[in-house]
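This is model_21.cif. It holds mmCIF, C-alpha atoms and all ligand atoms.
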```cif
data_protein
#
loop_
_atom_site.label_atom_id
_atom_site.label_comp_id
_atom_site.auth_asym_id
_atom_site.auth_seq_id
_atom_site.Cartn_x
_atom_site.Cartn_y
_atom_site.Cartn_z
CA MET A 22 3.70 26.41 2.78
CA GLN A 23 1.45 24.80 0.17
CA HIS A 24 -1.15 22.42 1.59
CA VAL A 25 -1.91 18.92 0.41
CA ASP A 26 -5.11 17.04 1.23
CA GLY A 27 -6.47 14.21 3.33
CA ASN A 28 -5.11 11.57 0.96
CA ALA A 29 -1.77 12.39 2.57
CA LEU A 30 -3.15 11.37 5.99
CA ALA A 31 -3.77 7.80 4.81
CA GLY A 32 -0.46 6.42 6.09
CA ASP A 33 -0.48 8.06 9.51
CA LEU A 34 -4.10 7.11 10.14
CA ALA A 35 -3.58 3.54 8.90
CA ASP A 36 -0.69 3.22 11.36
CA LEU A 37 -3.10 4.10 14.17
CA PHE A 38 -6.37 2.55 13.08
CA GLY A 39 -5.27 -0.30 10.82
CA VAL A 40 -7.69 0.75 8.07
CA ASP A 41 -7.77 3.38 5.39
CA LEU A 42 -9.94 6.30 6.48
CA THR A 43 -9.58 8.52 3.41
CA ALA A 44 -12.87 7.52 1.75
CA MET A 45 -14.86 7.90 4.98
CA ILE A 46 -17.08 10.93 5.44
CA ALA A 47 -15.97 13.36 8.14
CA SER A 48 -18.22 16.02 9.59
CA CYS A 49 -16.86 19.16 11.16
CA ALA A 50 -17.86 19.82 14.78
CA HIS A 51 -17.50 23.55 14.18
CA CYS A 52 -19.55 24.21 11.03
CA GLY A 53 -21.17 20.85 10.30
CA ALA A 54 -19.70 20.52 6.78
CA ARG A 55 -19.46 16.91 5.59
CA GLY A 56 -17.02 15.48 3.09
CA PRO A 57 -14.48 12.72 2.55
CA VAL A 58 -11.44 12.65 4.82
CA ALA A 59 -9.44 12.88 1.56
CA GLY A 60 -10.86 16.38 1.07
CA LEU A 61 -9.42 17.89 4.27
CA VAL A 62 -6.89 20.70 3.87
CA VAL A 63 -3.67 19.18 5.20
CA PHE A 64 -0.42 20.82 6.27
CA ARG A 65 2.54 18.52 6.85
CA THR A 66 5.72 19.25 8.75
CA ALA A 67 8.50 17.08 10.11
CA MET A 68 6.53 17.12 13.39
CA GLY A 69 3.30 15.75 11.96
CA SER A 70 0.17 16.72 10.06
CA VAL A 71 -2.78 19.03 10.68
CA GLY A 72 -6.05 18.47 8.81
CA ARG A 73 -8.48 21.39 8.56
CA CYS A 74 -12.08 21.68 7.45
CA ALA A 75 -12.13 22.74 3.78
CA HIS A 76 -15.21 24.82 4.52
CA CYS A 77 -14.47 26.76 7.73
CA ASP A 78 -10.75 26.07 8.36
CA ALA A 79 -11.33 24.58 11.83
CA VAL A 80 -8.71 22.01 12.91
CA LEU A 81 -10.30 18.56 12.67
CA VAL A 82 -7.36 16.17 12.94
CA VAL A 83 -3.81 16.46 14.27
CA VAL A 84 -1.43 13.53 13.89
CA VAL A 85 2.00 13.63 15.49
CA GLU A 86 4.70 11.10 16.12
CA HIS A 87 6.55 11.08 19.39
CA GLU A 88 9.31 8.59 20.20
CA GLY A 89 8.19 6.34 17.39
CA ARG A 90 4.53 6.27 18.48
CA ALA A 91 1.75 8.01 16.61
CA ARG A 92 -0.92 10.09 18.34
CA ALA A 93 -4.04 11.55 16.74
CA SER A 94 -6.25 14.29 18.17
CA LEU A 95 -9.67 14.12 16.59
CA GLY A 96 -11.45 16.72 18.72
CA GLY A 97 -12.64 18.79 15.75
CA LEU A 98 -14.56 15.92 14.22
CA ARG A 99 -18.24 15.53 14.98
CA ALA A 100 -18.47 12.14 13.28
CA LEU A 101 -16.90 9.71 10.87
CA GLU A 102 -19.20 7.70 8.61
CA ALA A 103 -18.43 4.69 6.45
CA ALA A 104 -17.55 5.48 2.85
CA PRO A 105 -20.66 5.95 0.72
CA VAL A 106 -21.52 3.53 -2.05
CA GLN A 107 -21.48 5.68 -5.14
CA MET B 11 -8.78 -3.56 0.64
CA THR B 12 -5.40 -4.95 1.68
CA ARG B 13 -4.07 -3.83 5.00
CA ALA B 14 -1.27 -1.30 4.88
CA ALA B 15 2.04 -2.19 6.52
CA TRP B 16 5.68 -1.14 6.49
CA HIS B 17 7.78 -3.08 4.01
CA VAL B 18 11.45 -3.22 3.07
CA ALA B 19 11.85 -2.42 -0.62
CA THR B 20 14.91 -3.00 -2.78
CA VAL B 21 15.43 -0.76 -5.78
CA ALA B 22 15.31 -3.10 -8.79
CA GLU B 23 15.76 -0.52 -11.51
CA VAL B 24 16.12 3.22 -11.98
CA ARG B 25 15.72 5.04 -15.27
CA ASP B 26 15.18 8.58 -16.47
CA GLU B 27 11.51 9.33 -16.90
CA THR B 28 11.98 12.90 -18.13
CA PRO B 29 14.97 15.29 -17.91
CA THR B 30 13.86 16.13 -14.34
CA ALA B 31 12.21 12.94 -13.12
CA ARG B 32 13.17 9.34 -12.46
CA ARG B 33 11.24 6.11 -12.67
CA LEU B 34 11.95 3.81 -9.73
CA THR B 35 11.00 0.16 -9.87
CA LEU B 36 10.98 -1.40 -6.42
CA GLU B 37 10.96 -5.07 -5.51
CA VAL B 38 8.91 -5.51 -2.34
CA PRO B 39 8.75 -9.22 -1.46
CA THR B 40 6.03 -8.69 1.17
CA TRP B 41 3.89 -6.32 -0.94
CA PRO B 42 0.21 -7.41 -0.87
CA GLY B 43 -0.60 -5.77 -4.21
CA ASN B 44 -2.42 -2.47 -4.66
CA GLU B 45 -5.36 -0.86 -6.35
CA ALA B 46 -4.94 1.55 -9.25
CA GLY B 47 -4.41 5.06 -7.88
CA ALA B 48 -3.01 4.08 -4.49
CA HIS B 49 0.11 5.64 -3.02
CA LEU B 50 2.73 4.75 -0.44
CA ASP B 51 4.76 6.61 2.14
CA LEU B 52 8.48 6.30 1.59
CA ARG B 53 10.83 6.71 4.55
CA LEU B 54 14.52 7.48 4.36
CA THR B 55 16.78 7.15 7.39
CA ALA B 56 20.11 8.95 7.51
CA PRO B 57 23.14 7.35 9.18
CA ASP B 58 22.55 9.60 12.22
CA GLY B 59 18.98 8.31 12.57
CA TYR B 60 17.26 11.37 11.08
CA GLN B 61 14.17 10.29 9.13
CA ALA B 62 12.16 11.90 6.36
CA THR B 63 8.88 10.55 4.97
CA ARG B 64 7.15 11.55 1.71
CA SER B 65 4.15 10.21 -0.20
CA TYR B 66 4.48 8.83 -3.75
CA SER B 67 1.76 7.54 -6.02
CA ILE B 68 2.11 4.10 -7.53
CA ALA B 69 2.08 3.83 -11.32
CA SER B 70 1.47 0.08 -11.19
CA SER B 71 -1.38 -1.97 -9.72
CA GLY B 72 -2.43 -5.56 -9.20
CA ASP B 73 -0.93 -8.49 -7.36
CA GLY B 74 2.78 -8.35 -8.16
CA THR B 75 5.66 -7.49 -5.84
CA ARG B 76 7.08 -4.93 -8.29
CA VAL B 77 6.04 -1.37 -7.42
CA VAL B 78 6.67 1.41 -9.93
CA LEU B 79 7.07 5.05 -8.85
CA ALA B 80 7.99 8.17 -10.78
CA VAL B 81 9.54 11.03 -8.85
CA ALA B 82 9.94 14.59 -10.09
CA GLU B 83 12.83 16.58 -8.69
CA VAL B 84 11.77 19.54 -6.58
CA PRO B 85 14.98 21.63 -6.60
CA GLU B 86 16.12 22.35 -3.03
CA GLY B 87 13.81 19.60 -1.79
CA GLU B 88 14.91 17.34 1.02
CA VAL B 89 13.91 13.96 -0.41
CA SER B 90 13.16 14.13 -4.16
CA PRO B 91 16.68 15.18 -5.34
CA PHE B 92 18.09 12.17 -3.51
CA LEU B 93 15.57 9.83 -5.14
CA VAL B 94 16.15 11.34 -8.58
CA HIS B 95 19.97 11.59 -8.54
CA ASP B 96 21.47 9.35 -5.88
CA LEU B 97 19.34 6.26 -5.51
CA ARG B 98 20.85 3.17 -7.18
CA ALA B 99 19.64 -0.32 -8.03
CA GLY B 100 20.20 -2.52 -4.97
CA ASP B 101 19.57 0.26 -2.45
CA GLN B 102 16.98 -0.38 0.24
CA LEU B 103 14.09 1.81 1.35
CA GLU B 104 11.18 1.53 3.75
CA VAL B 105 7.71 1.90 2.28
CA HIS B 106 4.31 2.01 3.98
CA GLY B 107 1.37 0.92 1.93
CA PRO B 108 -0.66 0.39 -0.05
CA LEU B 109 -2.45 3.61 0.98
CA GLY B 110 -5.58 5.36 -0.17
CA ALA B 111 -9.12 4.01 -0.51
CA TYR B 112 -10.48 7.26 -1.93
CA PHE B 113 -8.33 8.08 -4.94
CA VAL B 114 -8.55 4.63 -6.56
CA TRP B 115 -10.29 3.28 -9.62
CA ARG B 116 -11.64 -0.27 -9.65
CA PRO B 117 -12.13 -2.08 -12.96
CA GLY B 118 -15.74 -2.82 -13.80
CA GLY B 119 -16.70 0.82 -13.99
CA ALA B 120 -16.91 1.37 -10.28
CA ALA B 121 -15.06 3.89 -8.17
CA ALA B 122 -13.98 2.94 -4.65
CA GLY B 123 -16.70 1.05 -2.83
CA ALA B 124 -19.12 1.26 -5.71
CA GLU B 125 -21.15 -1.21 -7.70
CA ALA B 126 -20.53 -1.55 -11.39
CA SER B 127 -22.08 1.23 -13.42
CA PRO B 128 -20.33 0.78 -16.75
CA LEU B 129 -22.20 3.53 -18.55
CA ARG B 130 -20.56 6.37 -16.66
CA PRO B 131 -17.32 7.28 -18.41
CA VAL B 132 -14.15 8.13 -16.54
CA GLN B 133 -12.26 11.38 -17.01
CA LEU B 134 -8.70 11.57 -15.74
CA ILE B 135 -7.09 15.01 -15.46
CA GLY B 136 -3.48 15.42 -14.40
CA ALA B 137 -0.59 17.84 -14.44
CA GLY B 138 3.12 17.04 -14.22
CA SER B 139 3.91 14.12 -11.91
CA GLY B 140 0.23 14.14 -10.95
CA VAL B 141 -0.33 11.80 -13.85
CA VAL B 142 1.31 8.91 -11.95
CA PRO B 143 -1.83 7.49 -10.23
CA LEU B 144 -3.81 8.20 -13.41
CA VAL B 145 -1.33 6.08 -15.39
CA ALA B 146 -2.05 3.23 -12.97
CA MET B 147 -5.78 3.65 -13.63
CA ALA B 148 -5.31 3.82 -17.41
CA ALA B 149 -3.05 0.74 -17.29
CA ALA B 150 -5.56 -1.24 -15.20
CA HIS B 151 -8.29 -0.23 -17.63
CA ASP B 152 -6.14 -1.33 -20.58
CA GLU B 153 -4.93 -4.60 -19.04
CA GLY B 154 -8.42 -5.53 -17.88
CA ALA B 155 -9.85 -4.75 -21.34
CA ASP B 156 -12.44 -2.78 -19.37
CA ALA B 157 -15.09 -1.20 -21.57
CA THR B 158 -15.66 1.89 -19.41
CA PRO B 159 -14.99 4.86 -21.71
CA PHE B 160 -11.75 6.45 -20.46
CA ARG B 161 -10.16 9.79 -21.25
CA LEU B 162 -7.02 11.44 -19.94
CA LEU B 163 -6.38 15.16 -20.13
CA TYR B 164 -2.72 15.73 -19.28
CA SER B 165 -1.22 19.18 -18.78
CA VAL B 166 2.54 19.16 -19.19
CA ARG B 167 5.22 21.78 -19.87
CA THR B 168 6.88 20.33 -22.98
CA PRO B 169 6.86 17.06 -24.96
CA ALA B 170 10.01 15.96 -23.08
CA ASP B 171 8.19 16.30 -19.76
CA VAL B 172 5.52 13.68 -20.51
CA PHE B 173 5.64 10.86 -17.93
CA PHE B 174 5.04 7.31 -19.22
CA ALA B 175 4.87 8.63 -22.78
CA ASP B 176 5.25 5.22 -24.48
CA GLU B 177 2.70 3.55 -22.23
CA LEU B 178 0.16 6.32 -22.73
CA ARG B 179 0.61 6.19 -26.49
CA ALA B 180 0.04 2.42 -26.43
CA PHE B 181 -3.16 2.81 -24.36
CA ALA B 182 -4.36 5.47 -26.82
CA GLU B 183 -3.78 3.05 -29.72
CA ALA B 184 -5.51 0.06 -28.12
CA PRO B 185 -8.51 -1.50 -29.88
CA ALA B 186 -11.66 0.61 -29.74
CA PRO B 187 -13.59 -0.59 -26.68
CA THR B 188 -10.69 -0.05 -24.30
CA ARG B 189 -8.89 2.74 -26.14
CA LEU B 190 -7.81 5.68 -23.97
CA GLY B 191 -8.80 9.10 -25.24
CA LEU B 192 -5.57 11.05 -24.73
CA ASP B 193 -5.32 14.83 -24.84
CA LEU B 194 -1.99 16.46 -24.09
CA VAL B 195 -2.02 20.15 -23.30
CA TYR B 196 1.45 21.69 -23.49
CA THR B 197 1.90 24.75 -21.34
CA ARG B 198 5.36 25.90 -22.54
CA ASP B 199 6.45 24.20 -25.79
CA ALA B 200 4.20 22.22 -28.09
CA PRO B 201 5.56 19.79 -30.69
CA ALA B 202 5.23 20.59 -34.39
CA GLY B 203 1.74 19.69 -35.53
CA ALA B 204 0.21 19.93 -32.05
CA ALA B 205 -3.53 20.52 -31.87
CA ARG B 206 -3.04 23.99 -30.35
CA PRO B 207 -0.30 26.46 -29.42
CA PRO B 208 1.27 26.10 -25.97
CA GLY B 209 -0.70 27.62 -23.15
CA ARG B 210 -2.23 26.91 -19.80
CA LEU B 211 -5.36 24.90 -19.35
CA THR B 212 -8.48 27.09 -19.30
CA PRO B 213 -12.09 26.42 -18.31
CA ASP B 214 -13.04 26.41 -21.99
CA LEU B 215 -10.35 23.91 -22.93
CA VAL B 216 -11.34 21.60 -20.06
CA ALA B 217 -14.98 21.81 -21.18
CA GLU B 218 -13.92 21.02 -24.75
CA LEU B 219 -11.67 18.06 -23.92
CA ALA B 220 -13.46 16.39 -20.98
CA TRP B 221 -16.60 14.22 -21.09
CA PRO B 222 -19.64 16.53 -21.07
CA VAL B 223 -21.80 17.02 -17.97
CA GLU B 224 -24.71 15.06 -19.53
CA GLN B 225 -22.60 11.89 -19.54
CA ARG B 226 -22.09 12.16 -15.77
CA PRO B 227 -18.39 11.20 -15.87
CA ARG B 228 -16.51 10.09 -12.78
CA ILE B 229 -13.56 12.46 -12.62
CA PHE B 230 -10.12 12.00 -11.04
CA ILE B 231 -7.88 15.08 -10.82
CA CYS B 232 -4.29 14.97 -9.58
CA GLY B 233 -1.31 17.31 -9.61
CA PRO B 234 0.02 20.41 -7.90
CA THR B 235 -2.49 21.81 -5.39
CA PRO B 236 -3.28 25.03 -7.31
CA PHE B 237 -3.91 23.05 -10.51
CA VAL B 238 -6.23 20.56 -8.82
CA GLU B 239 -8.23 23.26 -7.06
CA ALA B 240 -8.58 25.40 -10.20
CA VAL B 241 -9.72 22.53 -12.43
CA ALA B 242 -12.11 21.08 -9.83
CA GLY B 243 -13.63 24.54 -9.41
CA TRP B 244 -14.16 24.95 -13.17
CA LEU B 245 -15.81 21.53 -13.44
CA VAL B 246 -18.23 22.26 -10.59
CA ALA B 247 -19.02 25.66 -12.12
CA ALA B 248 -19.70 23.87 -15.43
CA GLY B 249 -22.30 21.67 -13.72
CA HIS B 250 -20.44 18.48 -12.76
CA ALA B 251 -21.58 17.05 -9.42
CA PRO B 252 -18.98 17.65 -6.68
CA GLU B 253 -19.43 14.01 -5.54
CA ALA B 254 -18.37 12.81 -9.00
CA ILE B 255 -15.00 14.54 -8.66
CA ARG B 256 -12.16 12.91 -6.73
CA THR B 257 -9.03 14.94 -6.14
CA GLU B 258 -5.48 14.35 -4.94
CA ARG B 259 -3.18 17.29 -4.23
CA PHE B 260 0.58 16.81 -4.43
CA GLY B 261 1.45 20.18 -2.85
CA GLY B 262 3.90 22.35 -4.73
CA ALA B 263 4.90 25.97 -4.90
C1 LIG C 301 -0.61 11.63 -1.92
C2 LIG C 301 0.63 12.21 -2.56
C3 LIG C 301 1.20 11.56 -3.66
C4 LIG C 301 2.35 12.09 -4.27
N1 LIG C 301 2.87 11.43 -5.35
C5 LIG C 301 3.96 11.93 -5.97
C6 LIG C 301 4.50 11.28 -7.15
O1 LIG C 301 3.97 10.25 -7.61
N2 LIG C 301 5.61 11.82 -7.73
C7 LIG C 301 6.19 12.95 -7.24
O2 LIG C 301 7.20 13.38 -7.81
N3 LIG C 301 5.72 13.59 -6.13
C8 LIG C 301 4.62 13.10 -5.49
N4 LIG C 301 4.14 13.74 -4.36
C9 LIG C 301 4.91 14.87 -3.79
C10 LIG C 301 5.97 14.30 -2.83
O3 LIG C 301 5.33 13.72 -1.71
C11 LIG C 301 6.93 15.38 -2.27
O4 LIG C 301 6.17 16.46 -1.78
C12 LIG C 301 7.91 15.89 -3.32
O5 LIG C 301 8.70 14.81 -3.81
C13 LIG C 301 8.83 16.98 -2.71
O6 LIG C 301 9.52 16.44 -1.62
P1 LIG C 301 10.96 17.04 -1.19
O7 LIG C 301 11.35 16.41 0.09
O8 LIG C 301 11.90 16.94 -2.33
O9 LIG C 301 10.65 18.60 -0.98
P2 LIG C 301 10.48 19.33 0.44
O10 LIG C 301 11.80 19.40 1.12
O11 LIG C 301 9.35 18.67 1.16
O12 LIG C 301 9.99 20.75 -0.04
C14 LIG C 301 10.90 21.71 -0.60
C15 LIG C 301 10.16 22.88 -1.15
O13 LIG C 301 9.40 22.49 -2.30
C16 LIG C 301 8.01 22.73 -2.13
N5 LIG C 301 7.30 21.54 -2.63
C17 LIG C 301 6.87 20.46 -1.91
N6 LIG C 301 6.26 19.55 -2.70
C18 LIG C 301 6.28 20.05 -3.95
C19 LIG C 301 5.79 19.56 -5.20
N7 LIG C 301 5.12 18.40 -5.30
N8 LIG C 301 6.01 20.33 -6.29
C20 LIG C 301 6.67 21.53 -6.20
N9 LIG C 301 7.13 22.03 -5.03
C21 LIG C 301 6.96 21.31 -3.91
C22 LIG C 301 7.80 22.87 -0.64
O14 LIG C 301 6.71 23.73 -0.39
C23 LIG C 301 9.12 23.47 -0.18
O15 LIG C 301 9.12 24.85 -0.36
C24 LIG C 301 2.96 13.25 -3.76
C25 LIG C 301 2.38 13.91 -2.66
C26 LIG C 301 1.23 13.40 -2.07
C27 LIG C 301 0.63 14.13 -0.89
ZN ZN C 302 -15.96 23.31 9.32
#
```
When written as C-alpha cells, how does the structure in this file appear?
Ligand SMILES: Cc1cc2nc3c(=O)[nH]c(=O)nc-3n(C[C@H](O)[C@H](O)[C@H](O)COP(=O)(O)OP(=O)(O)OC[C@H]3O[C@@H](n4cnc5c(N)ncnc54)[C@H](O)[C@@H]3O)c2cc1C
Ligand SMILES: [Zn+2]
Amino acid sequence: MQHVDGNALAGDLADLFGVDLTAMIASCAHCGARGPVAGLVVFRTAMGSVGRCAHCDAVLVVVVEHEGRARASLGGLRALEAAPVQ
Amino acid sequence: MTRAAWHVATVAEVRDETPTARRLTLEVPTWPGNEAGAHLDLRLTAPDGYQATRSYSIASSGDGTRVVLAVAEVPEGEVSPFLVHDLRAGDQLEVHGPLGAYFVWRPGGAAAGAEASPLRPVQLIGAGSGVVPLVAMAAAHDEGADATPFRLLYSVRTPADVFFADELRAFAEAPAPTRLGLDLVYTRDAPAGAARPPGRLTPDLVAELAWPVEQRPRIFICGPTPFVEAVAGWLVAAGHAPEAIRTERFGGA
C-alpha cells in the first residue's frame, strides 16, 4: 500500500484536538528527528491511520475510530512544538 | 485559522474536468471559508451504514460557501469512481474541514504562520490531480493581485489531462506583476509546438524550470507520493533548503 503523509492526519486530529496540528513540529521519541507533523509517513486503512517517523520508521501516532469515537495514541512522540514562524 | 467541523454539502454542479476526472462544486451553507491549499475529508455513507472517508484538496479559497473539488478516477477505487461517475447535482455529502495549516499559501508573500517576505518567489510543482491545491494558491495570488513572483511547473500525461486548463491559462496571461509563470511538462503526448518532446520530469528539467536556489523560493509540491518524494529529493540535492519545501502526498500506485 502506498503511503500518504501527515497532511492526511489533519481531519482525524482536528476531530480530537479541535485545532490543526499539521504545521506543528513533532519530535520522535525513538531517534529524536524533528519535523512538521505533515511530514510523517502515514498509512491509512478503513480502521484508522498510522503515522511513522520519516527518519527511523518508528510509530509516532495511531488514530483509530471505535463506535464513532476517535482515539489517538501518541506514545512515539517526544514533543509537539508550535508551528515555526518562517 | 477557522475551526474545522463536519458540514452537510449539497452538490451544486458537476462537470467533466478531463476525460478521467470530474469537477465538483459543492454548496456548503455552514462553510467558514478556507485558505488556499487546504483540503477536506469527504464521507460517504451507504444505505447499510457502511462509511468511507477520503481527503480531497480544495481548488477554491476565501470566504464563500461554494467549495470546488476535482476528483480523478482511480480505477477499482472505492470512492473516486462514485464521485466521478455517479454523483449528481442535488446529492448530499458530509465534509469535514477546512483542513491543513501546513500546505497553505497566504497572500502577502507569507507561507503558513509567516510574516510577509514578498521578495521570496513561490514555486508550485504538481502532477496530475496534485495540481488542485496549487490551483487554489495560483487563483488566490491572481485574485489578490499579489506581487509575489509565482511559477507553476505542472507534470501531466497529455494536453487533455490538464486540470483547470482555462483558469491556468488566464493566470498565465494576467498583467505582469501578478502573472503566473506556467510550465507544462507532458509525460506521454505533447501538443504540436510544445517546448519539448513528451517525457518524464528530470532533475535537470526541474532545475531549468524552477526558481533558482539563489532566489530562495518557497516551494509547494503535490501529487502522487513517488512524484513528490522524487522531486523534493532533487530540489534538496540541488541546494534548496528542506525547510523551504512543503509537500503533500496524495498516495497512488
Ligand atoms: C491530503 C490529500 C488530498 C487529496 N486530494 C485529492 C484531490 O484533490 N483529487 C483527487 O483526485 N485525489 C485526491 N487525493 C486522493 C484521494 O484521497 C483518494 O486516495 C483517491 O480518490 C482514491 O480513492 P478511492 O477510494 O477511489 O481508492 P481506494 O479504494 O482508496 O484505493 C484503490 C487502489 O488505488 C490505489 N490508490 C489510492 N489512492 C490513489 C491515488 N491518488 N492515485 C492512484 N492510485 C491510488 C490504492 O493504493 C489502492 O490500490 C488526496 C489525498 C490526500 C491524502
Ligand atoms: Zn525517528
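The part of chain B that reaches within 7 Å of chain A is made up of Arg13, Ala14, Asp51, Ser65, His106, Leu109, Gly110, Ala111, Tyr112, Gly123, Ala124, Thr235, Glu258, Arg259, Phe260, Gly261, Gly262 and Ala263 of chain B, counting only C-alpha atoms.
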Could those residues be written to a file, using C-alpha atoms, as an mmCIF file, in the frame of the given file?
```cif
data_model
loop_
_atom_site.group_PDB
_atom_site.id
_atom_site.type_symbol
_atom_site.label_atom_id
_atom_site.label_comp_id
_atom_site.auth_asym_id
_atom_site.auth_seq_id
_atom_site.Cartn_x
_atom_site.Cartn_y
_atom_site.Cartn_z
ATOM 1 C CA ARG B 13 -4.070 -3.830 5.000
ATOM 2 C CA ALA B 14 -1.270 -1.300 4.880
ATOM 3 C CA ASP B 51 4.760 6.610 2.140
ATOM 4 C CA SER B 65 4.150 10.210 -0.200
ATOM 5 C CA HIS B 106 4.310 2.010 3.980
ATOM 6 C CA LEU B 109 -2.450 3.610 0.980
ATOM 7 C CA GLY B 110 -5.580 5.360 -0.170
ATOM 8 C CA ALA B 111 -9.120 4.010 -0.510
ATOM 9 C CA TYR B 112 -10.480 7.260 -1.930
ATOM 10 C CA GLY B 123 -16.700 1.050 -2.830
ATOM 11 C CA ALA B 124 -19.120 1.260 -5.710
ATOM 12 C CA THR B 235 -2.490 21.810 -5.390
ATOM 13 C CA GLU B 258 -5.480 14.350 -4.940
ATOM 14 C CA ARG B 259 -3.180 17.290 -4.230
ATOM 15 C CA PHE B 260 0.580 16.810 -4.430
ATOM 16 C CA GLY B 261 1.450 20.180 -2.850
ATOM 17 C CA GLY B 262 3.900 22.350 -4.730
ATOM 18 C CA ALA B 263 4.900 25.970 -4.900
#
```
I'd like a table as CSV: residues in chain B with an atom no more than 7 Å from ligand LIG 301 (chain C), each row giving the shortest atom pair and its distance in Å to one decimal, all atoms listed in the file counted, sorted by chain and rising residue number.
```
residue,atom,partner,partner_atom,distance
B:His49,CA,C:LIG301,C3,6.1
B:Arg64,CA,C:LIG301,O3,4.4
B:Ser65,CA,C:LIG301,O3,4.0
B:Tyr66,CA,C:LIG301,N1,3.5
B:Ser67,CA,C:LIG301,O1,3.8
B:Ile68,CA,C:LIG301,O1,6.4
B:Leu79,CA,C:LIG301,O1,6.2
B:Ala80,CA,C:LIG301,N2,5.3
B:Val81,CA,C:LIG301,O2,3.5
B:Ala82,CA,C:LIG301,O2,3.8
B:Glu83,CA,C:LIG301,O8,6.4
B:Val84,CA,C:LIG301,O8,5.0
B:Glu86,CA,C:LIG301,C14,5.8
B:Gly87,CA,C:LIG301,O8,3.3
B:Glu88,CA,C:LIG301,O10,3.7
B:Val89,CA,C:LIG301,O7,3.6
B:Ser90,CA,C:LIG301,O8,3.6
B:Pro91,CA,C:LIG301,O8,5.9
B:Ser139,CA,C:LIG301,N2,5.1
B:Gly140,CA,C:LIG301,O1,6.3
B:Val142,CA,C:LIG301,O1,5.3
B:Pro143,CA,C:LIG301,O1,6.9
B:Pro234,CA,C:LIG301,N7,6.1
B:Glu258,CA,C:LIG301,C1,6.3
B:Arg259,CA,C:LIG301,C27,6.0
B:Phe260,CA,C:LIG301,C25,3.8
B:Gly261,CA,C:LIG301,N7,4.8
B:Gly262,CA,C:LIG301,C20,3.2
B:Ala263,CA,C:LIG301,N9,4.5
```
Set up a box along x, y and z of the file covering all listed atoms of range 74-80 of chain B, add 8 Å on every one of the six sides, and write the centre and edge lengths in Å to one decimal, as JSON.
```
{"center_x": 5.4, "center_y": -0.1, "center_z": -8.3, "size_x": 21.2, "size_y": 32.5, "size_z": 20.9}
```
Between CA of Pro213 in chain B and CA of Trp244 in chain B, measure the distance and give it in Å to one decimal. 5.7 Å
Could you pull out the residues sitting within 7 Å of ligand ZN 302 (chain C), using only C-alpha atoms and all ligand atoms, and write them as a CSV table (one decimal) with C-alpha atoms, keeping the file's coordinate frame?
```
chain,number,residue,atom,x,y,z
A,49,CYS,CA,-16.9,19.2,11.2
A,50,ALA,CA,-17.9,19.8,14.8
A,51,HIS,CA,-17.5,23.6,14.2
A,52,CYS,CA,-19.6,24.2,11.0
A,53,GLY,CA,-21.2,20.8,10.3
A,54,ALA,CA,-19.7,20.5,6.8
A,74,CYS,CA,-12.1,21.7,7.4
A,75,ALA,CA,-12.1,22.7,3.8
A,76,HIS,CA,-15.2,24.8,4.5
A,77,CYS,CA,-14.5,26.8,7.7
A,78,ASP,CA,-10.8,26.1,8.4
A,79,ALA,CA,-11.3,24.6,11.8
```
